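Chemist: This one is coords25.cif, mmCIF, C-alpha atoms.
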data_coords
#
loop_
_atom_site.label_atom_id
_atom_site.label_comp_id
_atom_site.auth_asym_id
_atom_site.auth_seq_id
_atom_site.Cartn_x
_atom_site.Cartn_y
_atom_site.Cartn_z
CA MET Z 478 -152.80 -181.71 -271.50
CA GLY Z 479 -154.91 -179.06 -273.13
CA ILE Z 480 -158.46 -177.88 -272.57
CA GLY Z 481 -159.78 -180.65 -274.83
CA GLY Z 482 -158.12 -183.27 -272.66
CA VAL Z 483 -159.56 -181.77 -269.49
CA LYS Z 484 -163.05 -181.75 -271.02
CA ALA Z 485 -162.67 -185.38 -272.14
CA VAL Z 486 -161.69 -186.43 -268.62
CA ALA Z 487 -164.57 -184.44 -267.09
CA ASP Z 488 -167.15 -185.82 -269.55
CA TYR Z 489 -166.25 -189.46 -268.87
CA LYS Z 490 -168.21 -190.07 -265.66
CA ALA Z 491 -167.75 -193.77 -264.84
CA TYR Z 492 -164.22 -194.98 -264.20
CA THR Z 493 -163.33 -198.60 -263.55
CA ALA Z 494 -160.02 -199.89 -262.20
CA GLY Z 495 -158.80 -200.48 -265.76
CA SER Z 496 -159.97 -197.13 -267.08
CA VAL Z 497 -158.36 -195.26 -264.17
CA LEU Z 498 -155.00 -196.67 -265.24
CA ASP Z 499 -155.70 -195.49 -268.79
CA LEU Z 500 -156.68 -192.09 -267.40
CA LEU Z 501 -153.43 -191.83 -265.44
CA HIS Z 502 -151.42 -192.80 -268.52
CA PHE Z 503 -153.25 -190.02 -270.41
CA VAL Z 504 -152.91 -187.36 -267.71
CA ALA Z 505 -149.39 -188.15 -266.46
CA PRO Z 506 -147.52 -190.31 -268.99
CA LYS Z 507 -144.04 -189.62 -267.61
CA LEU Z 508 -145.09 -190.43 -264.06
CA MET Z 509 -146.82 -193.64 -265.11
CA LYS Z 510 -143.82 -194.73 -267.18
CA ARG Z 511 -141.59 -194.22 -264.16
CA GLY Z 512 -144.06 -195.99 -261.88
CA SER Z 513 -144.39 -198.96 -264.23
CA ALA Z 514 -140.62 -199.40 -264.13
CA HIS Z 515 -140.69 -199.80 -260.33
CA PHE Z 516 -144.14 -201.22 -259.48
CA SER Z 517 -146.37 -203.91 -260.91
CA TYR Z 518 -150.16 -204.10 -260.80
CA GLY Z 519 -150.90 -207.35 -262.63
CA ILE Z 520 -151.60 -210.97 -261.79
CA ALA Z 521 -148.90 -213.62 -262.12
CA ASP Z 522 -149.43 -216.52 -264.50
CA ASP Z 523 -146.51 -218.59 -263.23
CA LEU Z 524 -144.83 -217.58 -259.98
CA ASP Z 525 -141.84 -219.80 -260.79
CA ASP Z 526 -140.95 -217.56 -263.76
CA LYS Z 527 -137.61 -215.80 -263.17
CA LYS Z 528 -139.06 -212.38 -264.04
CA TYR Z 529 -141.02 -212.37 -260.76
CA GLU Z 530 -137.74 -212.26 -258.83
CA HIS Z 531 -137.36 -208.60 -259.91
CA TYR Z 532 -138.03 -206.14 -257.07
CA LYS Z 533 -140.87 -204.40 -258.91
CA TYR Z 534 -143.09 -207.45 -258.30
CA TRP Z 535 -142.39 -207.72 -254.56
CA SER Z 536 -144.96 -205.09 -253.59
CA ASN Z 537 -147.78 -206.88 -255.39
CA PRO Z 538 -149.18 -209.85 -253.42
CA LEU Z 539 -150.64 -211.28 -256.64
CA GLU Z 540 -147.17 -211.56 -258.17
CA THR Z 541 -144.98 -212.81 -255.36
CA LYS Z 542 -144.68 -215.96 -253.28
#
Turn the structure described in the file into structure tokens.

Modeler:
Amino acid sequence: MGIGGVKAVADYKAYTAGSVLDLLHFVAPKLMKRGSAHFSYGIADDLDDKKYEHYKYWSNPLETK
């Protein structure tokens, strides 16, 4: 991240939960890619879906039974 990226982050004063995730993807893309492979931060539509049996969803109370 260059000086332009640092200035863009500093100039954007109000961060919401959604924009913080975008900020982290901008600042640390490799870390966020690795984190997204192991952790989930969404809301489940259908808890009976087989994909929610994967361990990455177990730490999120909104995506596990």

Chemist: I'd like the neighbourhood of range 509-518 of chain Z as a VMD selection string, where a residue qualifies if any of its atoms comes within 7 Å (using only C-alpha atoms), though same-chain residues fewer than 3 positions away should be ignored.

Modeler: chain Z and resid 501 to 502 505 to 506 533 to 534 537

Chemist: Suppose you want the space between CA of Ser536 in chain Z and CA of Asp522 in chain Z; what is it in Å?

Modeler: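 CA of Ser536 in chain Z sits 16.4 Å away from CA of Asp522 in chain Z.
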
Chemist: Could you write out as a list in words the residues that the PyMOL selection byres ((chain Z and resi 541) around 12) matches in the shown file?

Modeler: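 Selected by the PyMOL selection byres ((chain Z and resi 541) around 12) in this file: Ser517, Tyr518, Gly519, Ile520, Ala521, Asp522, Asp523, Leu524, Asp525, Asp526, Lys527, Lys528, Tyr529, Glu530, His531, Tyr532, Lys533, Tyr534, Trp535, Ser536, Asn537, Pro538, Leu539, Glu540 and Lys542 of chain Z.
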
Chemist: How many Å separate CA of Asp488 in chain Z from CA of Leu508 in chain Z?

Modeler: 23.2 Å

Chemist: Quick one: pull the distance between CA of Ile480 in chain Z and CA of Gly495 in chain Z, Å, one decimal.

Modeler: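 Spanning CA of Ile480 in chain Z to CA of Gly495 in chain Z is a straight-line distance of 23.6 Å.
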